[in-house]
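Student: My structure is stored as target04.pdb, with PDB, C-alpha atoms, pLDDT in the B column.
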```pdb
ATOM      1  CA  MET A 704    -108.908 124.252  16.651  1.00 94.00           C
ATOM      2  CA  GLU A 705    -108.776 127.887  17.684  1.00 95.00           C
ATOM      3  CA  VAL A 706    -111.599 130.337  18.246  1.00 97.00           C
ATOM      4  CA  THR A 707    -110.951 134.065  17.993  1.00 97.00           C
ATOM      5  CA  GLN A 708    -113.535 136.482  19.390  1.00 96.00           C
ATOM      6  CA  VAL A 709    -114.125 139.852  17.764  1.00 97.00           C
ATOM      7  CA  ILE A 710    -116.677 142.115  19.448  1.00 95.00           C
ATOM      8  CA  GLU A 711    -118.423 144.619  17.186  1.00 92.00           C
ATOM      9  CA  ALA A 712    -121.141 146.612  19.003  1.00 91.00           C
ATOM     10  CA  SER A 713    -123.781 144.066  20.088  1.00 95.00           C
ATOM     11  CA  ILE A 714    -122.460 141.314  17.843  1.00 97.00           C
ATOM     12  CA  VAL A 715    -119.755 138.801  18.722  1.00 98.00           C
ATOM     13  CA  LYS A 716    -117.901 137.317  15.767  1.00 98.00           C
ATOM     14  CA  LEU A 717    -116.275 133.949  16.389  1.00 98.00           C
ATOM     15  CA  GLU A 718    -113.601 133.056  13.849  1.00 98.00           C
ATOM     16  CA  ILE A 719    -113.173 129.283  13.854  1.00 98.00           C
ATOM     17  CA  ASN A 720    -109.819 127.979  12.690  1.00 97.00           C
ATOM     18  CA  GLY A 721    -109.155 124.283  12.136  1.00 97.00           C
ATOM     19  CA  GLU A 722    -111.175 121.147  12.725  1.00 97.00           C
ATOM     20  CA  LEU A 723    -114.202 120.855  15.014  1.00 97.00           C
ATOM     21  CA  ASP A 724    -114.545 117.197  15.959  1.00 96.00           C
ATOM     22  CA  ALA A 725    -115.123 115.069  19.058  1.00 94.00           C
ATOM     23  CA  SER A 726    -111.699 116.017  20.407  1.00 94.00           C
ATOM     24  CA  THR A 727    -112.106 119.786  20.102  1.00 95.00           C
ATOM     25  CA  THR A 728    -115.775 120.470  20.892  1.00 95.00           C
ATOM     26  CA  ILE A 729    -115.045 121.182  24.547  1.00 94.00           C
ATOM     27  CA  GLU A 730    -113.330 124.443  23.560  1.00 95.00           C
ATOM     28  CA  MET A 731    -116.320 125.648  21.554  1.00 97.00           C
ATOM     29  CA  ASP A 732    -118.628 124.516  24.322  1.00 96.00           C
ATOM     30  CA  THR A 733    -116.707 126.625  26.843  1.00 97.00           C
ATOM     31  CA  VAL A 734    -116.707 129.700  24.585  1.00 97.00           C
ATOM     32  CA  LEU A 735    -120.466 129.547  24.012  1.00 98.00           C
ATOM     33  CA  LYS A 736    -121.239 128.884  27.664  1.00 97.00           C
ATOM     34  CA  THR A 737    -119.157 131.904  28.700  1.00 98.00           C
ATOM     35  CA  LEU A 738    -120.837 134.179  26.136  1.00 98.00           C
ATOM     36  CA  LEU A 739    -124.305 133.021  27.177  1.00 97.00           C
ATOM     37  CA  GLU A 740    -123.572 133.689  30.835  1.00 97.00           C
ATOM     38  CA  ALA A 741    -122.227 137.128  29.950  1.00 97.00           C
ATOM     39  CA  GLY A 742    -125.391 137.937  28.009  1.00 97.00           C
ATOM     40  CA  SER A 743    -123.598 138.186  24.664  1.00 97.00           C
ATOM     41  CA  VAL A 744    -126.165 136.406  22.564  1.00 98.00           C
ATOM     42  CA  ASN A 745    -125.863 137.785  19.018  1.00 98.00           C
ATOM     43  CA  ILE A 746    -123.279 135.464  17.563  1.00 98.00           C
ATOM     44  CA  ILE A 747    -121.907 135.170  14.059  1.00 98.00           C
ATOM     45  CA  PHE A 748    -119.499 132.404  13.106  1.00 98.00           C
ATOM     46  CA  ASP A 749    -116.838 133.070  10.479  1.00 98.00           C
ATOM     47  CA  CYS A 750    -116.360 129.584   9.011  1.00 98.00           C
ATOM     48  CA  THR A 751    -113.779 130.600   6.388  1.00 98.00           C
ATOM     49  CA  ASN A 752    -111.056 128.567   8.089  1.00 98.00           C
ATOM     50  CA  LEU A 753    -113.239 125.828   9.536  1.00 98.00           C
ATOM     51  CA  SER A 754    -111.817 122.957   7.518  1.00 97.00           C
ATOM     52  CA  TYR A 755    -113.814 120.085   9.000  1.00 98.00           C
ATOM     53  CA  ILE A 756    -116.805 119.449  11.241  1.00 98.00           C
ATOM     54  CA  SER A 757    -118.261 116.191  12.576  1.00 97.00           C
ATOM     55  CA  SER A 758    -121.600 115.557  14.275  1.00 95.00           C
ATOM     56  CA  ALA A 759    -119.951 116.277  17.633  1.00 95.00           C
ATOM     57  CA  GLY A 760    -119.088 119.772  16.402  1.00 96.00           C
ATOM     58  CA  VAL A 761    -122.573 120.370  15.053  1.00 95.00           C
ATOM     59  CA  GLY A 762    -123.955 119.042  18.344  1.00 94.00           C
ATOM     60  CA  VAL A 763    -122.410 121.913  20.278  1.00 96.00           C
ATOM     61  CA  PHE A 764    -124.258 124.473  18.160  1.00 96.00           C
ATOM     62  CA  ILE A 765    -127.634 122.777  18.302  1.00 93.00           C
ATOM     63  CA  SER A 766    -127.370 122.195  22.045  1.00 94.00           C
ATOM     64  CA  PHE A 767    -126.951 125.951  22.611  1.00 96.00           C
ATOM     65  CA  VAL A 768    -128.987 127.622  19.885  1.00 95.00           C
ATOM     66  CA  ASP A 769    -132.302 127.649  21.789  1.00 94.00           C
ATOM     67  CA  ASP A 770    -130.621 129.059  24.928  1.00 96.00           C
ATOM     68  CA  PHE A 771    -129.326 131.978  22.858  1.00 97.00           C
ATOM     69  CA  LYS A 772    -132.694 132.460  21.148  1.00 96.00           C
ATOM     70  CA  ASP A 773    -134.456 132.425  24.537  1.00 96.00           C
ATOM     71  CA  LYS A 774    -132.321 135.432  25.488  1.00 96.00           C
ATOM     72  CA  GLY A 775    -133.218 137.258  22.288  1.00 97.00           C
ATOM     73  CA  GLY A 776    -130.116 136.296  20.324  1.00 97.00           C
ATOM     74  CA  ASN A 777    -129.287 133.920  17.510  1.00 96.00           C
ATOM     75  CA  PHE A 778    -126.492 132.178  15.605  1.00 97.00           C
ATOM     76  CA  GLY A 779    -125.453 133.124  12.071  1.00 97.00           C
ATOM     77  CA  PHE A 780    -122.918 131.081  10.100  1.00 98.00           C
ATOM     78  CA  TYR A 781    -121.148 132.345   6.999  1.00 98.00           C
ATOM     79  CA  ASN A 782    -118.382 131.536   4.520  1.00 98.00           C
ATOM     80  CA  MET A 783    -118.758 127.797   4.983  1.00 97.00           C
ATOM     81  CA  GLN A 784    -116.547 125.515   2.935  1.00 96.00           C
ATOM     82  CA  GLU A 785    -118.463 123.000   0.821  1.00 95.00           C
ATOM     83  CA  ASN A 786    -117.515 119.937   2.906  1.00 95.00           C
ATOM     84  CA  VAL A 787    -118.649 121.702   6.097  1.00 97.00           C
ATOM     85  CA  HIS A 788    -121.905 122.948   4.556  1.00 96.00           C
ATOM     86  CA  GLN A 789    -122.564 119.408   3.352  1.00 95.00           C
ATOM     87  CA  VAL A 790    -122.695 118.144   6.958  1.00 96.00           C
ATOM     88  CA  PHE A 791    -125.311 120.739   7.955  1.00 95.00           C
ATOM     89  CA  THR A 792    -127.334 119.881   4.843  1.00 94.00           C
ATOM     90  CA  MET A 793    -127.202 116.119   5.429  1.00 93.00           C
ATOM     91  CA  LEU A 794    -128.480 116.625   8.961  1.00 92.00           C
ATOM     92  CA  GLY A 795    -131.326 118.859   7.784  1.00 90.00           C
ATOM     93  CA  LEU A 796    -130.057 121.884   9.691  1.00 90.00           C
ATOM     94  CA  ASP A 797    -130.456 124.359   6.823  1.00 83.00           C
ATOM     95  CA  GLY A 798    -133.891 125.385   8.065  1.00 83.00           C
ATOM     96  CA  ILE A 799    -132.937 125.489  11.741  1.00 88.00           C
ATOM     97  CA  LEU A 800    -129.613 127.326  11.791  1.00 93.00           C
ATOM     98  CA  SER A 801    -129.057 130.463   9.729  1.00 96.00           C
ATOM     99  CA  ILE A 802    -126.353 129.771   7.160  1.00 97.00           C
ATOM    100  CA  VAL A 803    -125.653 132.709   4.885  1.00 96.00           C
ATOM    101  CA  ALA A 804    -123.113 133.623   2.255  1.00 95.00           C
ATOM    102  CA  GLY A 805    -121.146 136.461   3.838  1.00 96.00           C
ATOM    103  CA  GLU A 806    -120.426 138.523   6.933  1.00 97.00           C
ATOM    104  CA  GLU A 807    -122.691 141.453   6.058  1.00 97.00           C
ATOM    105  CA  GLU A 808    -125.641 139.131   5.570  1.00 97.00           C
ATOM    106  CA  ALA A 809    -124.903 137.478   8.915  1.00 97.00           C
ATOM    107  CA  LYS A 810    -124.689 140.853  10.687  1.00 97.00           C
ATOM    108  CA  ALA A 811    -127.966 141.931   9.098  1.00 96.00           C
ATOM    109  CA  MET A 812    -129.722 139.235  11.127  1.00 95.00           C
ATOM    110  CA  PHE A 813    -129.406 141.463  14.200  1.00 93.00           C
TER
ATOM    111  CA  MET B1450    -104.727  97.072  -1.922  1.00 80.00           C
ATOM    112  CA  LYS B1451    -105.431  96.582   1.752  1.00 89.00           C
ATOM    113  CA  GLN B1452    -104.259  99.349   4.078  1.00 94.00           C
ATOM    114  CA  GLN B1453    -104.264  99.244   7.844  1.00 95.00           C
ATOM    115  CA  LEU B1454    -103.835 101.690  10.715  1.00 97.00           C
ATOM    116  CA  LYS B1455    -103.421 100.618  14.339  1.00 95.00           C
ATOM    117  CA  ILE B1456    -103.860 103.460  16.770  1.00 94.00           C
ATOM    118  CA  ALA B1457    -104.595 104.140  20.437  1.00 94.00           C
ATOM    119  CA  CYS B1458    -108.250 104.660  21.355  1.00 93.00           C
ATOM    120  CA  SER B1459    -108.074 108.393  21.922  1.00 94.00           C
ATOM    121  CA  LYS B1460    -110.230 111.202  20.580  1.00 94.00           C
ATOM    122  CA  LYS B1461    -106.984 113.055  19.924  1.00 95.00           C
ATOM    123  CA  ASN B1462    -106.218 110.510  17.189  1.00 97.00           C
ATOM    124  CA  LEU B1463    -109.327 111.225  15.113  1.00 97.00           C
ATOM    125  CA  GLY B1464    -107.400 113.672  12.925  1.00 96.00           C
ATOM    126  CA  GLU B1465    -104.778 111.030  12.165  1.00 97.00           C
ATOM    127  CA  ILE B1466    -107.494 108.511  11.307  1.00 97.00           C
ATOM    128  CA  ARG B1467    -109.067 111.002   8.882  1.00 97.00           C
ATOM    129  CA  LYS B1468    -105.653 111.540   7.258  1.00 97.00           C
ATOM    130  CA  PHE B1469    -105.259 107.760   6.859  1.00 97.00           C
ATOM    131  CA  ILE B1470    -108.692 107.467   5.218  1.00 97.00           C
ATOM    132  CA  SER B1471    -107.990 110.431   2.972  1.00 96.00           C
ATOM    133  CA  ASP B1472    -104.727 108.798   1.822  1.00 96.00           C
ATOM    134  CA  SER B1473    -106.501 105.452   1.306  1.00 95.00           C
ATOM    135  CA  LEU B1474    -109.069 107.174  -0.906  1.00 95.00           C
ATOM    136  CA  GLU B1475    -106.490 108.791  -3.179  1.00 93.00           C
ATOM    137  CA  GLU B1476    -106.575 105.974  -5.714  1.00 87.00           C
ATOM    138  CA  VAL B1477    -110.321 105.353  -5.392  1.00 92.00           C
ATOM    139  CA  ASP B1478    -112.503 106.582  -8.219  1.00 91.00           C
ATOM    140  CA  LEU B1479    -114.926 108.820  -6.353  1.00 94.00           C
ATOM    141  CA  ASP B1480    -115.574 112.567  -6.573  1.00 95.00           C
ATOM    142  CA  SER B1481    -114.213 114.841  -3.861  1.00 94.00           C
ATOM    143  CA  LYS B1482    -117.651 115.477  -2.337  1.00 94.00           C
ATOM    144  CA  THR B1483    -118.244 111.751  -1.857  1.00 96.00           C
ATOM    145  CA  LYS B1484    -114.737 111.291  -0.453  1.00 96.00           C
ATOM    146  CA  SER B1485    -115.369 114.060   2.100  1.00 96.00           C
ATOM    147  CA  ALA B1486    -118.608 112.361   3.120  1.00 97.00           C
ATOM    148  CA  LEU B1487    -116.843 108.994   3.487  1.00 97.00           C
ATOM    149  CA  ILE B1488    -114.183 110.522   5.732  1.00 97.00           C
ATOM    150  CA  LEU B1489    -116.986 111.963   7.864  1.00 97.00           C
ATOM    151  CA  ALA B1490    -118.847 108.628   8.132  1.00 96.00           C
ATOM    152  CA  ILE B1491    -115.665 106.804   9.150  1.00 96.00           C
ATOM    153  CA  ASP B1492    -114.786 109.532  11.640  1.00 96.00           C
ATOM    154  CA  GLU B1493    -118.234 109.084  13.213  1.00 94.00           C
ATOM    155  CA  ALA B1494    -117.786 105.300  13.452  1.00 93.00           C
ATOM    156  CA  CYS B1495    -114.331 105.667  15.003  1.00 94.00           C
ATOM    157  CA  ALA B1496    -115.522 108.329  17.448  1.00 93.00           C
ATOM    158  CA  ASN B1497    -118.304 105.951  18.545  1.00 88.00           C
ATOM    159  CA  ALA B1498    -115.795 103.133  19.045  1.00 88.00           C
ATOM    160  CA  ILE B1499    -113.375 105.355  20.966  1.00 90.00           C
ATOM    161  CA  ILE B1500    -115.917 107.142  23.156  1.00 88.00           C
ATOM    162  CA  HIS B1501    -118.711 104.589  23.640  1.00 83.00           C
ATOM    163  CA  GLY B1502    -116.824 101.337  23.053  1.00 81.00           C
ATOM    164  CA  ASN B1503    -113.609 102.172  24.892  1.00 83.00           C
ATOM    165  CA  ASN B1504    -114.384 105.160  27.106  1.00 85.00           C
ATOM    166  CA  ASN B1505    -111.463 106.988  25.462  1.00 86.00           C
ATOM    167  CA  ASN B1506    -109.046 104.459  26.993  1.00 89.00           C
ATOM    168  CA  GLU B1507    -105.697 104.990  25.267  1.00 91.00           C
ATOM    169  CA  LYS B1508    -104.512 101.550  26.413  1.00 91.00           C
ATOM    170  CA  ASN B1509    -106.948  99.990  23.959  1.00 90.00           C
ATOM    171  CA  THR B1510    -106.267  99.831  20.251  1.00 91.00           C
ATOM    172  CA  LEU B1511    -108.407 100.735  17.284  1.00 92.00           C
ATOM    173  CA  GLU B1512    -107.647  99.029  13.992  1.00 93.00           C
ATOM    174  CA  VAL B1513    -108.887 100.682  10.827  1.00 96.00           C
ATOM    175  CA  GLU B1514    -108.573  98.741   7.591  1.00 96.00           C
ATOM    176  CA  THR B1515    -109.531  99.796   4.082  1.00 97.00           C
ATOM    177  CA  VAL B1516    -109.811  97.684   0.957  1.00 96.00           C
ATOM    178  CA  VAL B1517    -111.454  97.872  -2.459  1.00 95.00           C
ATOM    179  CA  LYS B1518    -113.162  94.569  -3.226  1.00 94.00           C
ATOM    180  CA  ASN B1519    -115.831  93.713  -5.794  1.00 93.00           C
ATOM    181  CA  LYS B1520    -116.263  97.369  -6.751  1.00 94.00           C
ATOM    182  CA  THR B1521    -116.865  98.293  -3.123  1.00 96.00           C
ATOM    183  CA  PHE B1522    -114.767 100.456  -0.790  1.00 96.00           C
ATOM    184  CA  ILE B1523    -114.883  98.638   2.537  1.00 96.00           C
ATOM    185  CA  ILE B1524    -113.698 100.025   5.863  1.00 96.00           C
ATOM    186  CA  SER B1525    -113.408  97.781   8.902  1.00 94.00           C
ATOM    187  CA  ILE B1526    -113.041  99.267  12.350  1.00 93.00           C
ATOM    188  CA  SER B1527    -112.000  96.781  15.007  1.00 89.00           C
ATOM    189  CA  ASP B1528    -112.675  97.541  18.603  1.00 74.00           C
ATOM    190  CA  VAL B1529    -109.767  95.695  20.265  1.00 61.00           C
ATOM    191  CA  GLY B1530    -110.116  95.570  24.034  1.00 58.00           C
ATOM    192  CA  GLY B1531    -113.320  97.501  24.148  1.00 59.00           C
ATOM    193  CA  THR B1532    -116.954  96.685  24.599  1.00 60.00           C
ATOM    194  CA  ASN B1533    -119.381  96.047  21.809  1.00 56.00           C
ATOM    195  CA  PHE B1534    -120.213  99.472  20.427  1.00 55.00           C
ATOM    196  CA  SER B1535    -122.706  97.874  18.042  1.00 51.00           C
ATOM    197  CA  ARG B1536    -125.101  98.085  20.962  1.00 49.00           C
ATOM    198  CA  LEU B1537    -125.576 101.670  19.905  1.00 54.00           C
ATOM    199  CA  LYS B1538    -128.821 101.525  18.050  1.00 56.00           C
ATOM    200  CA  HIS B1539    -129.627 103.538  14.985  1.00 54.00           C
ATOM    201  CA  ILE B1540    -132.565 105.513  16.255  1.00 58.00           C
ATOM    202  CA  GLU B1541    -134.046 108.008  13.823  1.00 62.00           C
ATOM    203  CA  ARG B1542    -134.643 111.224  15.707  1.00 69.00           C
ATOM    204  CA  HIS B1543    -135.870 114.343  14.002  1.00 77.00           C
ATOM    205  CA  ILE B1544    -133.384 117.163  14.111  1.00 79.00           C
ATOM    206  CA  GLU B1545    -136.039 119.451  15.632  1.00 80.00           C
ATOM    207  CA  GLU B1546    -136.327 116.974  18.512  1.00 81.00           C
ATOM    208  CA  LEU B1547    -132.562 117.045  19.078  1.00 78.00           C
ATOM    209  CA  VAL B1548    -132.538 120.855  19.141  1.00 77.00           C
ATOM    210  CA  LYS B1549    -135.469 120.924  21.544  1.00 80.00           C
ATOM    211  CA  SER B1550    -133.797 118.440  23.898  1.00 79.00           C
ATOM    212  CA  LYS B1551    -130.474 120.366  23.604  1.00 79.00           C
ATOM    213  CA  SER B1552    -128.827 117.096  22.705  1.00 76.00           C
ATOM    214  CA  LYS B1553    -125.179 117.100  21.698  1.00 78.00           C
ATOM    215  CA  GLY B1554    -125.312 113.599  20.266  1.00 77.00           C
ATOM    216  CA  GLY B1555    -127.551 111.351  18.243  1.00 77.00           C
ATOM    217  CA  MET B1556    -126.430 112.469  14.810  1.00 88.00           C
ATOM    218  CA  GLY B1557    -123.336 110.355  14.125  1.00 89.00           C
ATOM    219  CA  LEU B1558    -125.186 107.154  13.318  1.00 87.00           C
ATOM    220  CA  LYS B1559    -127.635 109.099  11.144  1.00 87.00           C
ATOM    221  CA  LEU B1560    -124.714 110.429   9.104  1.00 92.00           C
ATOM    222  CA  MET B1561    -123.119 106.973   8.825  1.00 93.00           C
ATOM    223  CA  HIS B1562    -126.335 105.435   7.531  1.00 90.00           C
ATOM    224  CA  THR B1563    -127.007 108.365   5.184  1.00 92.00           C
ATOM    225  CA  ILE B1564    -123.549 108.279   3.617  1.00 96.00           C
ATOM    226  CA  MET B1565    -122.760 104.561   3.449  1.00 96.00           C
ATOM    227  CA  ASP B1566    -124.501 101.944   1.314  1.00 97.00           C
ATOM    228  CA  LYS B1567    -124.217  99.315   4.040  1.00 95.00           C
ATOM    229  CA  VAL B1568    -123.283  99.385   7.734  1.00 92.00           C
ATOM    230  CA  GLU B1569    -122.750  96.102   9.556  1.00 89.00           C
ATOM    231  CA  TYR B1570    -121.499  95.017  12.951  1.00 85.00           C
ATOM    232  CA  VAL B1571    -119.807  91.658  13.440  1.00 83.00           C
ATOM    233  CA  ASP B1572    -118.199  89.803  16.328  1.00 79.00           C
ATOM    234  CA  VAL B1573    -115.055  87.980  15.161  1.00 79.00           C
ATOM    235  CA  GLY B1574    -113.801  85.881  18.044  1.00 78.00           C
ATOM    236  CA  GLY B1575    -114.603  88.509  20.644  1.00 74.00           C
ATOM    237  CA  VAL B1576    -113.239  91.379  18.568  1.00 76.00           C
ATOM    238  CA  TYR B1577    -116.016  93.700  17.510  1.00 78.00           C
ATOM    239  CA  LYS B1578    -115.923  95.051  14.007  1.00 85.00           C
ATOM    240  CA  CYS B1579    -117.911  97.739  12.326  1.00 89.00           C
ATOM    241  CA  ARG B1580    -117.829  97.427   8.538  1.00 92.00           C
ATOM    242  CA  LEU B1581    -118.839 100.272   6.284  1.00 95.00           C
ATOM    243  CA  HIS B1582    -119.459  99.689   2.580  1.00 97.00           C
ATOM    244  CA  LYS B1583    -119.564 102.188  -0.279  1.00 96.00           C
ATOM    245  CA  TYR B1584    -120.345 100.886  -3.744  1.00 96.00           C
ATOM    246  CA  LEU B1585    -118.138 102.309  -6.481  1.00 93.00           C
TER
END
```
Now that the file is in, can you turn its structure into structure tokens?

Tutor:
Amino acid sequence: MEVTQVIEASIVKLEINGELDASTTIEMDTVLKTLLEAGSVNIIFDCTNLSYISSAGVGVFISFVDDFKDKGGNFGFYNMQENVHQVFTMLGLDGILSIVAGEEEAKAMF
Amino acid sequence: MKQQLKIACSKKNLGEIRKFISDSLEEVDLDSKTKSALILAIDEACANAIIHGNNNNEKNTLEVETVVKNKTFIISISDVGGTNFSRLKHIERHIEELVKSKSKGGMGLKLMHTIMDKVEYVDVGGVYKCRLHKYL
């Protein structure tokens, strides 16, 4: 898995490429921890090339989301593939994490 | 037809296990959404065995076996050399509770039980097996 950061004004876009499972979560964990410490808290995730996610991958997001919200930020996910969206739905995360159709909608959250 | 994969207990091998399951499902009459969910459930079971049952010890071996029997797709995951990962209990925790506690875990078993029709743990001569059943 690879994460590419694109900074646009106060928003950080994270483009996730590949599979986010128990073996790759540490990378995402490190990225989010670094952004939180730097005060970059408005995060949008481009999931176009996120081909797979397991509960370990989802766990990274839910373990951080309140820390980002506490600092006035949030997470916005967009362009999710069906199999990835299915995992969030099965876990009942639709109402907790913001999952939207496209980038503009995600940016409009901030 | 029975298919088997023997692989070192390493998180790095989860991708290869998913590929094996995906190949095993090719001839199984299920829609793609259900197949994706099955791959996820099996990935969760294997991750539990590798991380909790074997502490990611690559010297230990994980055996994953698939078979279609009596209109059921059955996956057996054998925890060779590890401890009994069936001790992990299926505790229903609300997702709001997990977010509040900033928990990274606690969702894998929920997914397994949501996706599969039956989840069982057996001890066969000291080798611990997790069997997942999906009715076709």

Student: Determine the residue set returned by the PyMOL selection byres ((chain A and resi 766) around 8) for the present structure, and present it as a short mmCIF file (atom, residue, chain, number, x, y, z; two decimals) with C-alpha atoms, keeping the file's coordinate frame.

Tutor:
```
data_model
loop_
_atom_site.label_atom_id
_atom_site.label_comp_id
_atom_site.auth_asym_id
_atom_site.auth_seq_id
_atom_site.Cartn_x
_atom_site.Cartn_y
_atom_site.Cartn_z
CA GLY A 762 -123.96 119.04 18.34
CA VAL A 763 -122.41 121.91 20.28
CA PHE A 764 -124.26 124.47 18.16
CA ILE A 765 -127.63 122.78 18.30
CA PHE A 767 -126.95 125.95 22.61
CA VAL A 768 -128.99 127.62 19.89
CA ASP A 769 -132.30 127.65 21.79
CA LEU B 1547 -132.56 117.04 19.08
CA VAL B 1548 -132.54 120.86 19.14
CA SER B 1550 -133.80 118.44 23.90
CA LYS B 1551 -130.47 120.37 23.60
CA SER B 1552 -128.83 117.10 22.70
CA LYS B 1553 -125.18 117.10 21.70
#
```

Student: Please evaluate the PyMOL selection byres ((chain A) within 12 of (chain B)) against the displayed coordinates and give the resulting residues as a CSV table (one decimal) with C-alpha atoms, in the coordinates of the input.

Tutor:
```csv
chain,number,residue,atom,x,y,z
A,704,MET,CA,-108.9,124.3,16.7
A,721,GLY,CA,-109.2,124.3,12.1
A,722,GLU,CA,-111.2,121.1,12.7
A,723,LEU,CA,-114.2,120.9,15.0
A,724,ASP,CA,-114.5,117.2,16.0
A,725,ALA,CA,-115.1,115.1,19.1
A,726,SER,CA,-111.7,116.0,20.4
A,727,THR,CA,-112.1,119.8,20.1
A,728,THR,CA,-115.8,120.5,20.9
A,729,ILE,CA,-115.0,121.2,24.5
A,732,ASP,CA,-118.6,124.5,24.3
A,754,SER,CA,-111.8,123.0,7.5
A,755,TYR,CA,-113.8,120.1,9.0
A,756,ILE,CA,-116.8,119.4,11.2
A,757,SER,CA,-118.3,116.2,12.6
A,758,SER,CA,-121.6,115.6,14.3
A,759,ALA,CA,-120.0,116.3,17.6
A,760,GLY,CA,-119.1,119.8,16.4
A,761,VAL,CA,-122.6,120.4,15.1
A,762,GLY,CA,-124.0,119.0,18.3
A,763,VAL,CA,-122.4,121.9,20.3
A,764,PHE,CA,-124.3,124.5,18.2
A,765,ILE,CA,-127.6,122.8,18.3
A,766,SER,CA,-127.4,122.2,22.0
A,767,PHE,CA,-127.0,126.0,22.6
A,768,VAL,CA,-129.0,127.6,19.9
A,769,ASP,CA,-132.3,127.6,21.8
A,770,ASP,CA,-130.6,129.1,24.9
A,771,PHE,CA,-129.3,132.0,22.9
A,772,LYS,CA,-132.7,132.5,21.1
A,773,ASP,CA,-134.5,132.4,24.5
A,784,GLN,CA,-116.5,125.5,2.9
A,785,GLU,CA,-118.5,123.0,0.8
A,786,ASN,CA,-117.5,119.9,2.9
A,787,VAL,CA,-118.6,121.7,6.1
A,788,HIS,CA,-121.9,122.9,4.6
A,789,GLN,CA,-122.6,119.4,3.4
A,790,VAL,CA,-122.7,118.1,7.0
A,791,PHE,CA,-125.3,120.7,8.0
A,792,THR,CA,-127.3,119.9,4.8
A,793,MET,CA,-127.2,116.1,5.4
A,794,LEU,CA,-128.5,116.6,9.0
A,795,GLY,CA,-131.3,118.9,7.8
A,796,LEU,CA,-130.1,121.9,9.7
A,797,ASP,CA,-130.5,124.4,6.8
A,798,GLY,CA,-133.9,125.4,8.1
A,799,ILE,CA,-132.9,125.5,11.7
A,800,LEU,CA,-129.6,127.3,11.8
```

Student: Evaluate the PyMOL selection byres ((chain B and resi 1470) around 10) on the structure here and hand back the selected residues as a VMD selection string.

Tutor: chain B and resid 1452 to 1454 1464 to 1469 1471 to 1475 1484 to 1485 1487 to 1489 1491 to 1492 1513 to 1515 1524

Student: Would you pick out the contacts of Asn752 of chain A at 8 Å or less, using all atoms listed in the file, so that residues sharing its chain but fewer than 3 positions from it are not included, and give the list as a ChimeraX atom specification?

Tutor: /A:718-721,749

Student: Rounded to one decimal in Å, what is the spacing between atom CA of Val734 of chain A and atom CA of Ile1499 of chain B?

Tutor: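 Atom-to-atom, atom CA of Val734 of chain A to atom CA of Ile1499 of chain B, that is 24.8 Å.
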
Student: Can you pull out every residue within 8 Å of Ser743 of chain A, counting all atoms listed in the file, but drop anything in the same chain fewer than 5 positions away, and send it as a PDB file with C-alpha atoms, in the coordinates of the input?

Tutor:
```pdb
ATOM      1  CA  SER A 713    -123.781 144.066  20.088  1.00 95.00           C
ATOM      2  CA  ILE A 714    -122.460 141.314  17.843  1.00 97.00           C
ATOM      3  CA  VAL A 715    -119.755 138.801  18.722  1.00 98.00           C
ATOM      4  CA  LEU A 738    -120.837 134.179  26.136  1.00 98.00           C
TER       5      LEU A 738
END
```

Student: Atom CA of Phe1522 of chain B to atom CA of Lys1583 of chain B: how many Å, to one decimal?

Tutor: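 One can read the atom CA of Phe1522 of chain B to atom CA of Lys1583 of chain B distance as 5.1 Å.
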
Student: Rounded to one decimal, what separation in Å do you get between atom CA of Asn1519 of chain B and atom CA of Tyr1577 of chain B?

Tutor: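 According to the coordinates, atom CA of Asn1519 of chain B and atom CA of Tyr1577 of chain B are separated by 23.3 Å.
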
Student: Nearest to Leu1479 of chain B among B:Val1568, B:Met1561, B:Leu1585, B:Val1516, with distances taken over all atoms listed in the file: which residue is it?

Tutor: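 Closest to Leu1479 of chain B, using all atoms listed in the file: B:Leu1585.
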